[in-house]
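Participant: Below: one structure in structure tokens.
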Amino acid sequence: MIVFDQVQKSYQVGGRAIPALHPTDMTIETGEVFGIVGHSGAGKSTLVRLINLLEPPTDGNILIDGENITRYNATELRAFRRKVGMIFQHFNLLSSKTVSDNIAFPMKLAGIYSKAEIRDRVQELLARVSLTDHATKYPSQLSGGQKQRVGIARALACRPTILLCDEATSALDPQTTQSVLRLLAEINKELGLTIVLITHEMDVVRRVCDRVAVMDGGRVVEMGAVSDVFLHPKHPTTRDFVFESESIDSQERQEDLQKANGRILRLTFKGESTYQPLLGSVARASGVDFSILSGRIDHIKDTPYGQLTLSLVGGDLAVAMNALEAADVHVEVLR
Amino acid sequence: MEALLSNVDWPEIGIASWDTLVMVGMSLLFSVLAGLPIGVLLFLTGKRQLLEQPVAYAVLSFVVNVLRSVPFIILLIVMIPFTVMLIGTSLGVAGAIPPLVAGGAPFFARLVETSLREVDRGIIEATQAMGASVRQIIFGALLPEALPGIIAGITVTAITLVSYAAMSGVIGGGGLGDLAIRFGYQRFQTDVMVITVALLVIFVQVLQMVGDRLVLYFSRK
């Protein structure tokens, strides 16, 4: 468990303290995939680097499994960092070392593994990230997705309990992003590793994260389960991110809503209710006519969800809303 | 052919070539041995680097700049008392080596500093995140990643030392430069001048070629 207790960070620029992270309380549970989403400059890079103290906090305490890591001396800090893997947007592999040697590097630095242990572990990791055939290549001979797989294997070498991902998929094309995210989800499930992932893409959060923190201007402005934050965003920044990921232009959306007749509702289905043939029966029971203004069905991690914006005309609105709510559909009246 | 090169004393040329090789080789060795740690220190103590130390950097940088700003021909003369103190004579091949190192080491140190700065900061950060000590970062990541640049730096330093070594003929340093000055220039023996210059050109070409090959071999980018 990672606990932030009033953690803050500021940088000294020309004698003035510029805050990068305002005092923040936060808890990341063991074994979860925790997303941090924000625009560049929102402070998410700083936040993730506080967890392995690449950036020491200006104030506050960071507790990992009950231990206050801000009190570590240099030796303790180095030992601690071996238990926290990290992957990067630009991979940061050593260009002078082969794929195998890159993966073996953290184990060699640790100085506590025998040659045979390192060799076996590298083989095992190569197989896990499906790069066995590329073991003797140099990073420059690999594609972006392959490089990130090497990065992941390297980060896992010393069997960490936490994996930090710094915009790990931002330099990759959509397909490669998918496969890297799938690999991360797999690792999380099979190894029970806690993953902290920062990104500027809500889609990445939607695919793999359990919980998410939204950052803006050095503050966490919204935090919660991905399904809650994603389906019912409260803060304007969060809303922007969600709309962006759904390719919705909020201005166009307003115009569309203005042209529609009657009441406008937004229905959110989650889990099993996504597949229920609900609308027809509700319409018949309540006598309302509806037209669909927009809609989508997708997944949040493994949970299916649907979201429909409807305009309703005539009939008994209260009956319709009750019937929907009784079927576990979240109803929001937009107009 | 014989008439054309009537003044050329081939055994003399052979000895002079060997002397140049020894001067360049020895001074290169010591320049690298001294310049590499200085370059690493310059890099590490620099702004926003691992061991940022503005005062140490300023002092080191000042010393390096002073040595680099003295024209080598002057440095040769200024160094004479130190050289005598160090090895007993300021003459011959041995006497030329201390001023050559004084000229070569700071030059090489700057080249090392530059090639270390070119190593991606992300690689340093990643290595730090693995729990590496500063020492491990230097030997495990920085130097291997900068190796092609450092080899290129050694090549440039070696070539500079060839020309410095030729200059040392002025204070009695020996080698091909000495021959060129004493015979080619002072006795108007153009043939000796041509041969020594040709040999120096060949020497530099070979150095550059070998250096380029090594850089290519160690470049994995």
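So you can find residues: chains in the structure tokens are A, B, ... in the order shown, residues in each start at 1, and ligands are numbered from 1 in order.
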With a cut-off of 8 Å and counting only C-alpha atoms, select all residues of chain B in contact with chain A and give the selection as a ChimeraX atom specification.

Facilitator: /B:120,122-123,125-133,136,141,144-145,218-221

Participant: Could you dump the residues just selected with C-alpha atoms as an mmCIF file, in the first residue's frame?

Facilitator:
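Listed below is the output, result30.cif:
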data_model
loop_
_atom_site.group_PDB
_atom_site.id
_atom_site.type_symbol
_atom_site.label_atom_id
_atom_site.label_comp_id
_atom_site.auth_asym_id
_atom_site.auth_seq_id
_atom_site.Cartn_x
_atom_site.Cartn_y
_atom_site.Cartn_z
ATOM 1 C CA ASP B 120 20.197 10.645 -22.709
ATOM 2 C CA GLY B 122 16.446 9.279 -19.264
ATOM 3 C CA ILE B 123 19.087 6.544 -19.167
ATOM 4 C CA GLU B 125 17.205 8.373 -14.497
ATOM 5 C CA ALA B 126 16.336 4.766 -15.350
ATOM 6 C CA THR B 127 19.610 3.549 -13.849
ATOM 7 C CA GLN B 128 18.979 5.606 -10.728
ATOM 8 C CA ALA B 129 15.504 4.129 -10.483
ATOM 9 C CA MET B 130 17.080 0.646 -10.479
ATOM 10 C CA GLY B 131 18.857 1.549 -7.268
ATOM 11 C CA ALA B 132 22.303 2.184 -8.754
ATOM 12 C CA SER B 133 24.930 4.111 -6.810
ATOM 13 C CA GLN B 136 27.489 2.207 -10.756
ATOM 14 C CA ALA B 141 25.685 3.314 -17.790
ATOM 15 C CA PRO B 144 29.469 2.518 -21.850
ATOM 16 C CA GLU B 145 26.807 4.774 -23.410
ATOM 17 C CA PHE B 218 31.043 0.486 -30.675
ATOM 18 C CA SER B 219 28.058 2.486 -31.959
ATOM 19 C CA ARG B 220 24.811 0.649 -31.382
ATOM 20 C CA LYS B 221 22.511 3.518 -32.208
#

Participant: Just asking: which residues within region 50-299 of chain A are alpha helix (DSSP H) according to DSSP, as a PyMOL selection string?

Facilitator: chain A and resi 50-51+74-81+99-110+115-128+144-156+174-191+202-208+226-231+236-245+250-259+278-286

Participant: Which of these, B:Val156, B:Leu214, B:Ala180, B:Met79, has the shortest distance to Leu200 (chain B) once you count only C-alpha atoms?

Facilitator: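 When distances to Leu200 (chain B) are compared using only C-alpha atoms, the smallest one comes from B:Ala180.
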
Participant: When you draw a straight line from CA of Leu267 (chain A) to CA of Arg335 (chain A), how long is it in Å?

Facilitator: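 For CA of Leu267 (chain A) relative to CA of Arg335 (chain A), the distance reads 13.0 Å.
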
Participant: Write out as number ranges by chain the residues lying within 12 Å of Pro54 (chain B), counting only C-alpha atoms and excluding same-chain residues fewer than 5 positions away.

Facilitator: B: 41-49, 59-62

Participant: Take the residues from that selection and put them in a file with N, CA and C atoms, as a tab-separated table (two decimals), in the first residue's frame.

Facilitator:
chain	number	residue	atom	x	y	z
B	41	LEU	N	34.48	14.22	-13.86
B	41	LEU	CA	34.21	15.14	-12.75
B	41	LEU	C	33.55	16.43	-13.25
B	42	LEU	N	34.05	16.94	-14.38
B	42	LEU	CA	33.45	18.14	-14.95
B	42	LEU	C	31.97	17.89	-15.21
B	43	PHE	N	31.68	16.72	-15.79
B	43	PHE	CA	30.30	16.39	-16.11
B	43	PHE	C	29.45	16.28	-14.84
B	44	LEU	N	29.95	15.49	-13.87
B	44	LEU	CA	29.14	15.20	-12.69
B	44	LEU	C	28.87	16.43	-11.83
B	45	THR	N	29.87	17.35	-11.78
B	45	THR	CA	29.69	18.52	-10.91
B	45	THR	C	28.96	19.64	-11.63
B	46	GLY	N	28.68	19.43	-12.92
B	46	GLY	CA	28.03	20.47	-13.73
B	46	GLY	C	26.59	20.73	-13.30
B	47	LYS	N	26.01	21.73	-13.90
B	47	LYS	CA	24.65	22.15	-13.55
B	47	LYS	C	23.65	21.03	-13.77
B	48	ARG	N	22.77	20.84	-12.78
B	48	ARG	CA	21.69	19.84	-12.84
B	48	ARG	C	22.21	18.43	-13.11
B	49	GLN	N	23.42	18.13	-12.65
B	49	GLN	CA	23.93	16.77	-12.82
B	49	GLN	C	23.96	16.06	-11.47
B	59	VAL	N	36.14	25.77	-10.32
B	59	VAL	CA	37.60	25.65	-10.15
B	59	VAL	C	38.19	24.75	-11.25
B	60	LEU	N	37.57	23.58	-11.40
B	60	LEU	CA	38.06	22.61	-12.38
B	60	LEU	C	38.02	23.19	-13.79
B	61	SER	N	36.91	23.82	-14.07
B	61	SER	CA	36.70	24.40	-15.39
B	61	SER	C	37.72	25.50	-15.66
B	62	PHE	N	38.02	26.29	-14.61
B	62	PHE	CA	39.00	27.38	-14.75
B	62	PHE	C	40.38	26.82	-15.09

Participant: Which is closer to Leu63 (chain A) than all the others in A:Ile112, A:Ala323, A:Ile2, A:Ala127, using only C-alpha atoms?

Facilitator: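 Of A:Ile112, A:Ala323, A:Ile2, A:Ala127, the one nearest Leu63 (chain A) is A:Ile2, counting only C-alpha atoms.
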
Participant: Can you pull out every residue from region 5-210 of chain A that DSSP, working from the backbone, puts in strand (DSSP E or B), and format the result as a PyMOL selection string?

Facilitator: chain A and resi 5-13+16-28+33-38+59-64+67-68+84-88+162-166+194-199

Participant: Go ahead and save the picked residues with N, CA and C atoms, as a short mmCIF file (atom, residue, chain, number, x, y, z; two decimals), in the first residue's frame.

Facilitator:
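Saved result, again-v7.cif, follows:
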data_model
loop_
_atom_site.label_atom_id
_atom_site.label_comp_id
_atom_site.auth_asym_id
_atom_site.auth_seq_id
_atom_site.Cartn_x
_atom_site.Cartn_y
_atom_site.Cartn_z
N ASP A 5 0.94 11.28 2.58
CA ASP A 5 0.41 12.02 3.71
C ASP A 5 0.89 13.47 3.58
N GLN A 6 0.00 14.31 3.12
CA GLN A 6 0.31 15.74 2.95
C GLN A 6 1.63 15.95 2.19
N VAL A 7 1.80 15.20 1.13
CA VAL A 7 3.04 15.28 0.36
C VAL A 7 2.99 16.49 -0.56
N GLN A 8 4.03 17.27 -0.52
CA GLN A 8 4.09 18.38 -1.48
C GLN A 8 5.48 18.52 -2.06
N LYS A 9 5.52 19.14 -3.23
CA LYS A 9 6.81 19.30 -3.91
C LYS A 9 6.82 20.66 -4.59
N SER A 10 7.89 21.39 -4.36
CA SER A 10 8.05 22.63 -5.13
C SER A 10 9.50 22.73 -5.61
N TYR A 11 9.67 23.45 -6.68
CA TYR A 11 11.01 23.63 -7.24
C TYR A 11 11.46 25.06 -7.00
N GLN A 12 12.75 25.21 -6.74
CA GLN A 12 13.31 26.54 -6.59
C GLN A 12 13.71 27.05 -7.96
N VAL A 13 13.02 28.08 -8.41
CA VAL A 13 13.41 28.68 -9.68
C VAL A 13 13.72 30.15 -9.43
N ARG A 16 12.62 31.58 -6.13
CA ARG A 16 11.22 31.46 -5.77
C ARG A 16 10.80 29.99 -5.81
N ALA A 17 9.89 29.63 -4.92
CA ALA A 17 9.43 28.24 -4.89
C ALA A 17 8.21 28.10 -5.80
N ILE A 18 8.35 27.30 -6.85
CA ILE A 18 7.24 27.06 -7.77
C ILE A 18 6.62 25.72 -7.38
N PRO A 19 5.36 25.69 -6.98
CA PRO A 19 4.77 24.42 -6.55
C PRO A 19 4.49 23.50 -7.75
N ALA A 20 4.93 22.26 -7.64
CA ALA A 20 4.64 21.27 -8.69
C ALA A 20 3.53 20.35 -8.20
N LEU A 21 3.50 20.13 -6.88
CA LEU A 21 2.44 19.32 -6.30
C LEU A 21 2.02 19.98 -4.99
N HIS A 22 0.75 20.38 -4.91
CA HIS A 22 0.21 20.94 -3.68
C HIS A 22 0.01 19.80 -2.69
N PRO A 23 -0.08 20.11 -1.39
CA PRO A 23 -0.21 19.04 -0.39
C PRO A 23 -1.28 18.03 -0.78
N THR A 24 -0.88 16.78 -0.85
CA THR A 24 -1.76 15.74 -1.38
C THR A 24 -1.83 14.55 -0.45
N ASP A 25 -3.05 14.09 -0.20
CA ASP A 25 -3.27 12.82 0.51
C ASP A 25 -3.80 11.82 -0.50
N MET A 26 -3.28 10.62 -0.44
CA MET A 26 -3.69 9.65 -1.45
C MET A 26 -3.31 8.27 -0.95
N THR A 27 -4.13 7.28 -1.29
CA THR A 27 -3.78 5.91 -0.93
C THR A 27 -3.92 5.02 -2.15
N ILE A 28 -2.88 4.27 -2.44
CA ILE A 28 -2.93 3.32 -3.54
C ILE A 28 -2.84 1.92 -2.92
N VAL A 33 -4.35 -1.45 -10.11
CA VAL A 33 -3.75 -0.64 -11.16
C VAL A 33 -4.31 0.76 -10.99
N PHE A 34 -3.44 1.67 -10.61
CA PHE A 34 -3.88 3.02 -10.29
C PHE A 34 -3.42 3.97 -11.38
N GLY A 35 -4.39 4.66 -11.98
CA GLY A 35 -4.05 5.59 -13.05
C GLY A 35 -3.97 7.01 -12.55
N ILE A 36 -3.04 7.78 -13.11
CA ILE A 36 -2.99 9.21 -12.82
C ILE A 36 -3.07 9.89 -14.17
N VAL A 37 -4.13 10.67 -14.36
CA VAL A 37 -4.32 11.27 -15.66
C VAL A 37 -4.27 12.78 -15.51
N GLY A 38 -3.72 13.45 -16.50
CA GLY A 38 -3.62 14.90 -16.45
C GLY A 38 -2.91 15.41 -17.70
N ASP A 59 7.89 18.38 1.40
CA ASP A 59 7.30 18.20 2.71
C ASP A 59 6.34 17.01 2.65
N GLY A 60 6.02 16.46 3.82
CA GLY A 60 5.07 15.37 3.88
C GLY A 60 5.75 14.02 3.94
N ASN A 61 4.95 12.99 4.17
CA ASN A 61 5.49 11.63 4.32
C ASN A 61 4.92 10.70 3.27
N ILE A 62 5.76 9.80 2.78
CA ILE A 62 5.29 8.76 1.87
C ILE A 62 5.53 7.43 2.56
N LEU A 63 4.44 6.69 2.78
CA LEU A 63 4.57 5.40 3.46
C LEU A 63 4.29 4.29 2.46
N ILE A 64 5.22 3.36 2.38
CA ILE A 64 4.99 2.21 1.53
C ILE A 64 5.01 0.97 2.40
N GLU A 67 6.18 1.71 5.83
CA GLU A 67 7.50 2.29 6.07
C GLU A 67 7.61 3.67 5.46
N ASN A 68 8.14 4.58 6.24
CA ASN A 68 8.28 5.96 5.76
C ASN A 68 9.54 6.06 4.90
N VAL A 84 11.01 -1.46 -6.71
CA VAL A 84 10.08 -0.63 -7.47
C VAL A 84 10.57 -0.54 -8.91
N GLY A 85 9.88 -1.24 -9.81
CA GLY A 85 10.27 -1.18 -11.22
C GLY A 85 9.73 0.08 -11.85
N MET A 86 10.37 0.52 -12.94
CA MET A 86 9.84 1.72 -13.61
C MET A 86 10.03 1.57 -15.12
N ILE A 87 9.00 1.95 -15.87
CA ILE A 87 9.14 2.00 -17.32
C ILE A 87 8.81 3.41 -17.81
N PHE A 88 9.35 3.75 -18.99
CA PHE A 88 9.35 5.15 -19.41
C PHE A 88 8.76 5.32 -20.81
N ILE A 162 6.10 -3.06 -6.86
CA ILE A 162 5.41 -1.91 -7.45
C ILE A 162 6.01 -1.66 -8.83
N LEU A 163 5.16 -1.34 -9.80
CA LEU A 163 5.65 -0.97 -11.12
C LEU A 163 5.13 0.42 -11.46
N LEU A 164 6.05 1.33 -11.73
CA LEU A 164 5.66 2.69 -12.10
C LEU A 164 5.76 2.83 -13.62
N CYS A 165 4.71 3.36 -14.24
CA CYS A 165 4.72 3.53 -15.68
C CYS A 165 4.58 5.00 -16.03
N ASP A 166 5.63 5.56 -16.58
CA ASP A 166 5.65 6.99 -16.90
C ASP A 166 5.30 7.17 -18.37
N THR A 194 1.47 -4.09 -7.78
CA THR A 194 0.76 -2.81 -7.79
C THR A 194 1.31 -1.99 -8.96
N ILE A 195 0.42 -1.47 -9.81
CA ILE A 195 0.89 -0.67 -10.94
C ILE A 195 0.39 0.76 -10.81
N VAL A 196 1.28 1.70 -10.87
CA VAL A 196 0.90 3.12 -10.90
C VAL A 196 1.26 3.63 -12.28
N LEU A 197 0.26 4.17 -12.96
CA LEU A 197 0.44 4.45 -14.37
C LEU A 197 0.05 5.90 -14.63
N ILE A 198 0.91 6.68 -15.22
CA ILE A 198 0.49 8.03 -15.56
C ILE A 198 0.33 8.15 -17.07
N THR A 199 -0.64 8.92 -17.47
CA THR A 199 -0.96 9.01 -18.89
C THR A 199 -1.75 10.29 -19.14
#

Participant: If we count only C-alpha atoms and set the cut-off at 12 Å, which residues sit around Pro99 (chain B), ignoring sequence neighbours fewer than 2 positions away in its own chain? Please answer as a PyMOL selection string.

Facilitator: chain B and resi 23-24+26-28+30-31+67-68+70-84+86-87+90-91+93-97+101-106+161+164-165+167-168+171+173

Participant: Any idea what the distance is between CA of Ala158 (chain B) and CA of Leu176 (chain B)?

Facilitator: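 Going from CA of Ala158 (chain B) over to CA of Leu176 (chain B), I get 15.5 Å.
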
Participant: Name all residues at most 10 Å from region 184-192 of chain A (count only C-alpha atoms; drop same-chain ones fewer than 6 positions away) and give them as a list in words.

Facilitator: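 Surrounding residues, per the criterion: Thr30, Gly31, Glu32, Val33, Arg128, Arg149, Ile152, Leu156, Arg159, Pro160, Thr161, Ile162, Leu163, Cys165, Gln178, Arg207, Val208, Cys209 and Lys301 of chain A.
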
Participant: Considering only C-alpha atoms, can you say which of A:Leu193, A:Met1, A:Ile300, A:Met223 comes closest to Gly66 (chain A)?

Facilitator: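 Answer, going by the shortest atom-to-atom distance: A:Met1.
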
Participant: If you measure from CA of Gln148 (chain A) to CA of His134 (chain A), what distance in Å do you get, rounded to one decimal?

Facilitator: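 If I compute the distance from CA of Gln148 (chain A) to CA of His134 (chain A), I get 13.2 Å.
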
Participant: So that I can check the surroundings of region 109-119 of chain B, please list as a list in words every protein, DNA and RNA residue that reaches within 7 Å of it, counting only C-alpha atoms and ignoring chain neighbours fewer than 6 positions away.

Facilitator: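 In the requested format, the answer is Gly35, Leu36, Ile38, Gly39, Val40, Leu42, Phe43, Leu142, Glu145, Ala146, Gly149, Ile150 and Gly153 of chain B.
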